[in-house]
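Peer 1: Starting off with a structure, shown below.
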Amino acid sequence: MDLLSQFMKPPVFPARWSLEHWTEALGWAHIVADVAIFCAYTTIPFVIGYFTFRRPDFAFRPLFWLFCAFIFACGTVHMIEVWLFWQPWYELSAVAKVVTAVISWMTVLALVRKAPAIARLPSLNQITAIVESTEDAIVGMNMAGVITSWNPGAERLYGYPASEMIGSPATKFVPDENLGELEEITQALRSDEALDPVQTVRLHKNGSRVNVSLAITPIRDARGRVRGASAIARDITSMKRAEAALVELSEKLEAQALHDPLTGLDNRRGMQQHLDRELARARRDSTPVVAVLIDLDDFKQVNDSLGHAAGDVVLCGAAQRMARCLRPGDILSRIGGDEFIALLPDTREAEGHHVAERLRLAVSDNPVSVGGRPLKLSASLGVATVPEESMSIEELLDLSRHGLSRSKHAGKNRVAFSHGGADEAALDDMDTLLRPESLSVLWQPIIDLDSGLVEAHELLVRGPEGPYHNPYDLFRLAIERNLLTTADLLCFKTCVQRAAGCSDGRLHVNIFPGTLLDTPARRLIEHFEAAGGASRFCIEISEQQFLGDPSSLCAPIAELKAAGVSIALDDVGFGRSSLEALLVLEPDVIKIDRAFVHGAGRDPGARRRLERLVRTARHLSAEIVAEGLENASDREVLLELGVRHAQGFLLGRPVPVPVPVPAPQPQA
């Protein structure tokens with residue numbers, strides 16, 4: 001009490017209360033409480049500041065620093081006010097109060113400004129509930145690669161408890177072979193690069209491997225600097241198993257698509273792939289390729305007398321015997337029924353004959369056991385050298401069938417070559433007709449009706465003079481002889497080759513839908529490229545020739561379009577499938593059938609039909625070409641309807657494709 005009295009003497013400071021009200025206990029209570037309050041005022045800002053400094057990712061850091069200053073200022077004012085009880089430092093108290101008032105209102109204004117953003121923030125309970133209830137593993141780490149957070153999903157996925165992992169390096173659950181991946185992630189975070197989701201492997205506590213999909217998000221401070229990362233991992237082990245099963249199933253389906261289910265040999269599609277590969281190698285290395293077509297003699301009698309089950313046994317037995325006698329690198333496939341074909345790469349004609357004899361003997365000298373009794377077989381074989389420019393399996397079959405037919409007519413069970421002409425008159429006819437020198441190529445202009453300029457030409461084929469000069473008659477004979485694809489491909493190649501030197505706009509080449517399905521699109525593209533570039537050409541597919549689903553043409557057409565080839569749908573409006581083909585195939589050019597054009601100038605009904613068709617075609621954003629324009633009145637109708645391109649006798653008749661004149665060579 002004496003000590004307190006010394007500070008409270010009236011000359012030093014006028015006491016606020018009468019001294020008789022003070023006791024020693026009351027004085028010390030004031031002193032201890034004031035010191036404790038000041039210590040609290042000082043400690044709280046330091047703790048908040050330390051927390052804010054150690055957690056740079058924490059939101060609203062400037063507001064927290066402002067809180068620290070406000071609390072410290074309040075504590076300072078309180079201490080000065082206490083000191084004023086002992087010493088009259090009113091000036092210091094006034095300055096401290098002014099500073100505290102400024103800081104307090106700065107804090108109030110900051111709170112008012114940040115209040116909407118703070119109100120939108122999810123509560124800590126919500127965030128905690130989300131993080132703890134999610135099945136995904138959420139792992140946080142700092143830039144040193146030390147784990148800072150580990151949610152229950154991570155415990156379930158990796159088997160480690162949070163108490164064991166927090167503070168541990170992230171390498172603890174990363175396989176050795178993936179440590180480089182972790183280093184790349186850390187480097188990307190330091191460089192502030194974008195991190196794409198990855199599929200990787202992590203280690204479970206029991207040592208097993210866990211396939212995870214990993215999404216990594218950088219953790220930034222208030223200034224946008226990266227201070228760490230949060231990794232969200234999802235278990236994709238079951239998905240990986242499903243993918244592996246799907247790949248296995250896909251491989252099985254692919255194998256089934258390329259192989260004959262009965263004999264296990266390649267089917268037509270599989271043989272087409274081998275043919276493409278071997279012909280490409282033959283062109284590169286200038287090596288010959290021989291094909292051998294094998295047909296089992298009188299196989300129909302086996303099916304009729306013993307049943308189809310016995311026929312299947314015979315086919316499998318014959319296939320095994322023939323496959324065993326082939327050389328490494330030779331390819332045997334079943335192309336349907338009792339027909340097989342062997343492709344012999346890097347083989348001359350004499351060697352091909354020798355291999356064909358071995359195939360014949362393998363069938364005829366080795367009876368097949370059917371129902372416990374031997375059944376003797378024989379086979380007829382046709383041998384042909386495969387031209388390098390061959391494109392499809394159909395051409396290969398047509399080429400070798402000449403020799404097979406000769407073998408059959410000579411008594412069966414023998415080998416015959418395809419050159420030298422066939423014994424059948426029909427084959428002789430086709431040999432003569434289906435030669436490039438027997439065909440002539442004409443072209444007819446496609447005109448811009450506004451300017452009268454030639455925009456493109458359609459290439460047309462004519463047969464030799466005689467009954468098959470008209471292409472309809474020529475193709476009718478090819479259909480009767482089962483040689484349509486061969487004839488169509490020959491016409492296609494002849495047109496492209498004859499027009500190679502022409503530079504007058506786009507060139508239209510006709511092709512049958514069946515040929516597009518039977519011929520790899522890349523082989524057609526190769527011919528276009530050799531003739532000056534694929535973008536110069538437009539393939540015309542006639543609507544008249546659609547016999548099935550037009551969508552089956554989507555794949556080859558897409559490949560042709562990707563190479564720059566335009567697609568035209570010809571004779572639109574002729575048949576029932578026009579609308580379906582227009583919608584499915586999305587042609588670049590729509591050619592309106594002549595039946596809709598002819599007479600539109602004088603028949604109002606014909607004009608209305610033409611107008612409806614033009615309106616439909618225009619919605620597909622394709623170029624419209626009117627065919628069969630033969631009089632001026634129809635031309636006027638086309639212009640009125642907005643059709644700007646046409647072809648027909650009014651604009652120009654088909655004429656022979658001009659032979660390019662070679663440039664004169666400079667004289668020495």
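Quick note on naming: the chains in the structure tokens go A, B, ... in the order shown, residues restart at 1 in each chain, and ligands are numbered from 1 in order of appearance.
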Identify, with DSSP run on backbone atoms, the residues in segment 136-349 of chain A assigned to strand (DSSP E), and express the list as a PyMOL selection string.

Peer 2: chain A and resi 137-142+147-150+198-203+209-220+226-235+290-296+331-336+339-344

Peer 1: Give me, as CSV, each residue of segment 505-552 of chain A that comes within 9 Å of segment 447-470 of chain A, together with its shortest interatomic pair and the distance in Å at one decimal, counting only C-alpha atoms, with rows ordered by chain and rising residue number.

Peer 2:
```
residue,atom,partner,partner_atom,distance
A:Gly505,CA,A:Ala456,CA,4.9
A:Arg506,CA,A:Ala456,CA,4.5
A:Leu507,CA,A:His457,CA,5.1
A:His508,CA,A:Glu458,CA,4.4
A:Val509,CA,A:Leu459,CA,5.5
A:Asn510,CA,A:Leu459,CA,7.4
A:Cys538,CA,A:Glu458,CA,8.9
A:Glu540,CA,A:Glu458,CA,8.9
```

Peer 1: Deliver the residues from the most recent selection as a file, using all heavy atoms, as a PDB file, in the first residue's frame.

Peer 2:
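Okay, this is what ended up in out.pdb:
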```pdb
ATOM      1  N   GLY A 505      -9.828 -27.384-114.618  1.00  0.00           N
ATOM      2  CA  GLY A 505     -10.757 -27.481-113.507  1.00  0.00           C
ATOM      3  C   GLY A 505     -10.856 -28.870-112.906  1.00  0.00           C
ATOM      4  O   GLY A 505     -10.010 -29.747-113.119  1.00  0.00           O
ATOM      5  N   ARG A 506     -11.947 -29.062-112.188  1.00  0.00           N
ATOM      6  CA  ARG A 506     -12.178 -30.315-111.469  1.00  0.00           C
ATOM      7  C   ARG A 506     -12.573 -31.413-112.437  1.00  0.00           C
ATOM      8  O   ARG A 506     -13.274 -31.186-113.426  1.00  0.00           O
ATOM      9  CB  ARG A 506     -13.275 -30.086-110.434  1.00  0.00           C
ATOM     10  CG  ARG A 506     -13.506 -31.223-109.468  1.00  0.00           C
ATOM     11  CD  ARG A 506     -14.564 -30.829-108.452  1.00  0.00           C
ATOM     12  NE  ARG A 506     -15.853 -30.596-109.081  1.00  0.00           N
ATOM     13  CZ  ARG A 506     -16.724 -29.668-108.687  1.00  0.00           C
ATOM     14  NH1 ARG A 506     -16.430 -28.886-107.672  1.00  0.00           N
ATOM     15  NH2 ARG A 506     -17.881 -29.510-109.315  1.00  0.00           N
ATOM     16  N   LEU A 507     -12.156 -32.636-112.142  1.00  0.00           N
ATOM     17  CA  LEU A 507     -12.438 -33.786-112.996  1.00  0.00           C
ATOM     18  C   LEU A 507     -13.320 -34.771-112.239  1.00  0.00           C
ATOM     19  O   LEU A 507     -12.973 -35.209-111.140  1.00  0.00           O
ATOM     20  CB  LEU A 507     -11.131 -34.469-113.419  1.00  0.00           C
ATOM     21  CG  LEU A 507     -10.161 -33.597-114.225  1.00  0.00           C
ATOM     22  CD1 LEU A 507      -8.843 -34.312-114.434  1.00  0.00           C
ATOM     23  CD2 LEU A 507     -10.779 -33.213-115.569  1.00  0.00           C
ATOM     24  N   HIS A 508     -14.460 -35.130-112.823  1.00  0.00           N
ATOM     25  CA  HIS A 508     -15.412 -36.058-112.210  1.00  0.00           C
ATOM     26  C   HIS A 508     -15.201 -37.451-112.793  1.00  0.00           C
ATOM     27  O   HIS A 508     -15.162 -37.621-114.018  1.00  0.00           O
ATOM     28  CB  HIS A 508     -16.847 -35.599-112.483  1.00  0.00           C
ATOM     29  CG  HIS A 508     -17.240 -34.376-111.723  1.00  0.00           C
ATOM     30  ND1 HIS A 508     -18.392 -34.297-110.968  1.00  0.00           N
ATOM     31  CD2 HIS A 508     -16.628 -33.163-111.582  1.00  0.00           C
ATOM     32  CE1 HIS A 508     -18.483 -33.101-110.421  1.00  0.00           C
ATOM     33  NE2 HIS A 508     -17.423 -32.391-110.780  1.00  0.00           N
ATOM     34  N   VAL A 509     -15.061 -38.431-111.912  1.00  0.00           N
ATOM     35  CA  VAL A 509     -14.873 -39.821-112.321  1.00  0.00           C
ATOM     36  C   VAL A 509     -15.980 -40.652-111.692  1.00  0.00           C
ATOM     37  O   VAL A 509     -16.237 -40.557-110.487  1.00  0.00           O
ATOM     38  CB  VAL A 509     -13.496 -40.361-111.874  1.00  0.00           C
ATOM     39  CG1 VAL A 509     -13.279 -41.768-112.410  1.00  0.00           C
ATOM     40  CG2 VAL A 509     -12.390 -39.439-112.343  1.00  0.00           C
ATOM     41  N   ASN A 510     -16.634 -41.492-112.504  1.00  0.00           N
ATOM     42  CA  ASN A 510     -17.724 -42.336-112.012  1.00  0.00           C
ATOM     43  C   ASN A 510     -17.180 -43.637-111.434  1.00  0.00           C
ATOM     44  O   ASN A 510     -16.179 -44.181-111.921  1.00  0.00           O
ATOM     45  CB  ASN A 510     -18.696 -42.657-113.147  1.00  0.00           C
ATOM     46  CG  ASN A 510     -19.464 -41.433-113.596  1.00  0.00           C
ATOM     47  OD1 ASN A 510     -20.471 -41.072-113.015  1.00  0.00           O
ATOM     48  ND2 ASN A 510     -18.970 -40.771-114.646  1.00  0.00           N
ATOM     49  N   CYS A 538     -13.193 -35.509-108.400  1.00  0.00           N
ATOM     50  CA  CYS A 538     -14.474 -35.690-107.715  1.00  0.00           C
ATOM     51  C   CYS A 538     -15.021 -37.052-108.121  1.00  0.00           C
ATOM     52  O   CYS A 538     -15.110 -37.357-109.316  1.00  0.00           O
ATOM     53  CB  CYS A 538     -15.447 -34.587-108.102  1.00  0.00           C
ATOM     54  SG  CYS A 538     -17.108 -34.787-107.408  1.00  0.00           S
ATOM     55  N   GLU A 540     -18.005 -39.552-108.575  1.00  0.00           N
ATOM     56  CA  GLU A 540     -19.462 -39.551-108.714  1.00  0.00           C
ATOM     57  C   GLU A 540     -20.005 -40.944-108.420  1.00  0.00           C
ATOM     58  O   GLU A 540     -19.547 -41.930-108.996  1.00  0.00           O
ATOM     59  CB  GLU A 540     -19.877 -39.116-110.121  1.00  0.00           C
ATOM     60  CG  GLU A 540     -19.624 -37.658-110.414  1.00  0.00           C
ATOM     61  CD  GLU A 540     -20.360 -37.197-111.671  1.00  0.00           C
ATOM     62  OE1 GLU A 540     -21.237 -37.954-112.165  1.00  0.00           O
ATOM     63  OE2 GLU A 540     -20.056 -36.104-112.169  1.00  0.00           O
TER      64      GLU A 540
END
```

Peer 1: What's around Ala362 of chain A at 9 Å? Count only C-alpha atoms, leave out sequence neighbours fewer than 2 positions away in its own chain, and write the answer as a VMD selection string.

Peer 2: chain A and resid 318 321 to 322 324 to 325 357 to 360 364 to 366

Peer 1: Tell me which protein, DNA and RNA residues are within 10 Å of Ala40 of chain A, counting only C-alpha atoms, leaving out same-chain ones fewer than 6 positions away, and put them as an MDAnalysis selection string.

Peer 2: chainID A and resid 34 46 71:72 75

Peer 1: Write a file of the selected residues as a PDB file, in the first residue's frame, keeping all heavy atoms.

Peer 2:
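Below you can see again_35.pdb, which holds the result:
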```pdb
ATOM      1  N   ASP A  34      -4.127  -5.795 -15.282  1.00  0.00           N
ATOM      2  CA  ASP A  34      -3.695  -4.945 -16.399  1.00  0.00           C
ATOM      3  C   ASP A  34      -2.528  -5.566 -17.154  1.00  0.00           C
ATOM      4  O   ASP A  34      -2.475  -5.528 -18.391  1.00  0.00           O
ATOM      5  CB  ASP A  34      -3.308  -3.557 -15.877  1.00  0.00           C
ATOM      6  CG  ASP A  34      -4.525  -2.742 -15.436  1.00  0.00           C
ATOM      7  OD1 ASP A  34      -5.616  -3.039 -15.986  1.00  0.00           O
ATOM      8  OD2 ASP A  34      -4.379  -1.847 -14.599  1.00  0.00           O
ATOM      9  N   PHE A  46       0.466 -11.700 -32.284  1.00  0.00           N
ATOM     10  CA  PHE A  46       1.616 -12.502 -32.685  1.00  0.00           C
ATOM     11  C   PHE A  46       1.185 -13.891 -33.156  1.00  0.00           C
ATOM     12  O   PHE A  46       1.711 -14.432 -34.136  1.00  0.00           O
ATOM     13  CB  PHE A  46       2.632 -12.596 -31.531  1.00  0.00           C
ATOM     14  CG  PHE A  46       3.582 -11.446 -31.487  1.00  0.00           C
ATOM     15  CD1 PHE A  46       3.423 -10.446 -30.530  1.00  0.00           C
ATOM     16  CD2 PHE A  46       4.624 -11.342 -32.394  1.00  0.00           C
ATOM     17  CE1 PHE A  46       4.287  -9.366 -30.484  1.00  0.00           C
ATOM     18  CE2 PHE A  46       5.494 -10.266 -32.350  1.00  0.00           C
ATOM     19  CZ  PHE A  46       5.324  -9.269 -31.393  1.00  0.00           C
ATOM     20  N   ILE A  71      -5.811  -5.213 -32.830  1.00  0.00           N
ATOM     21  CA  ILE A  71      -5.726  -5.781 -31.475  1.00  0.00           C
ATOM     22  C   ILE A  71      -4.516  -5.221 -30.736  1.00  0.00           C
ATOM     23  O   ILE A  71      -4.587  -4.851 -29.547  1.00  0.00           O
ATOM     24  CB  ILE A  71      -5.666  -7.309 -31.551  1.00  0.00           C
ATOM     25  CG1 ILE A  71      -6.986  -7.862 -32.112  1.00  0.00           C
ATOM     26  CG2 ILE A  71      -5.391  -7.920 -30.185  1.00  0.00           C
ATOM     27  CD1 ILE A  71      -6.945  -9.346 -32.419  1.00  0.00           C
ATOM     28  N   PHE A  72      -3.382  -5.131 -31.452  1.00  0.00           N
ATOM     29  CA  PHE A  72      -2.181  -4.609 -30.800  1.00  0.00           C
ATOM     30  C   PHE A  72      -2.373  -3.150 -30.413  1.00  0.00           C
ATOM     31  O   PHE A  72      -1.953  -2.697 -29.334  1.00  0.00           O
ATOM     32  CB  PHE A  72      -0.990  -4.762 -31.738  1.00  0.00           C
ATOM     33  CG  PHE A  72       0.313  -4.380 -31.096  1.00  0.00           C
ATOM     34  CD1 PHE A  72       0.959  -5.260 -30.235  1.00  0.00           C
ATOM     35  CD2 PHE A  72       0.893  -3.139 -31.334  1.00  0.00           C
ATOM     36  CE1 PHE A  72       2.156  -4.902 -29.629  1.00  0.00           C
ATOM     37  CE2 PHE A  72       2.084  -2.783 -30.726  1.00  0.00           C
ATOM     38  CZ  PHE A  72       2.722  -3.666 -29.874  1.00  0.00           C
ATOM     39  N   GLY A  75      -4.508  -2.933 -27.307  1.00  0.00           N
ATOM     40  CA  GLY A  75      -3.712  -3.291 -26.137  1.00  0.00           C
ATOM     41  C   GLY A  75      -2.801  -2.162 -25.708  1.00  0.00           C
ATOM     42  O   GLY A  75      -2.616  -1.890 -24.507  1.00  0.00           O
TER      43      GLY A  75
END
```

Peer 1: Pick out the closest residue to Ala379 of chain A from this set: A:Phe417, A:Tyr158, A:Phe173, A:Phe340. Count only C-alpha atoms.

Peer 2: A:Phe340

Peer 1: Please determine, counting only C-alpha atoms, which residue among A:Ile341, A:Ala154, A:Cys491, A:Thr42 has the shortest atom-to-atom distance to Ser438 of chain A.

Peer 2: A:Cys491
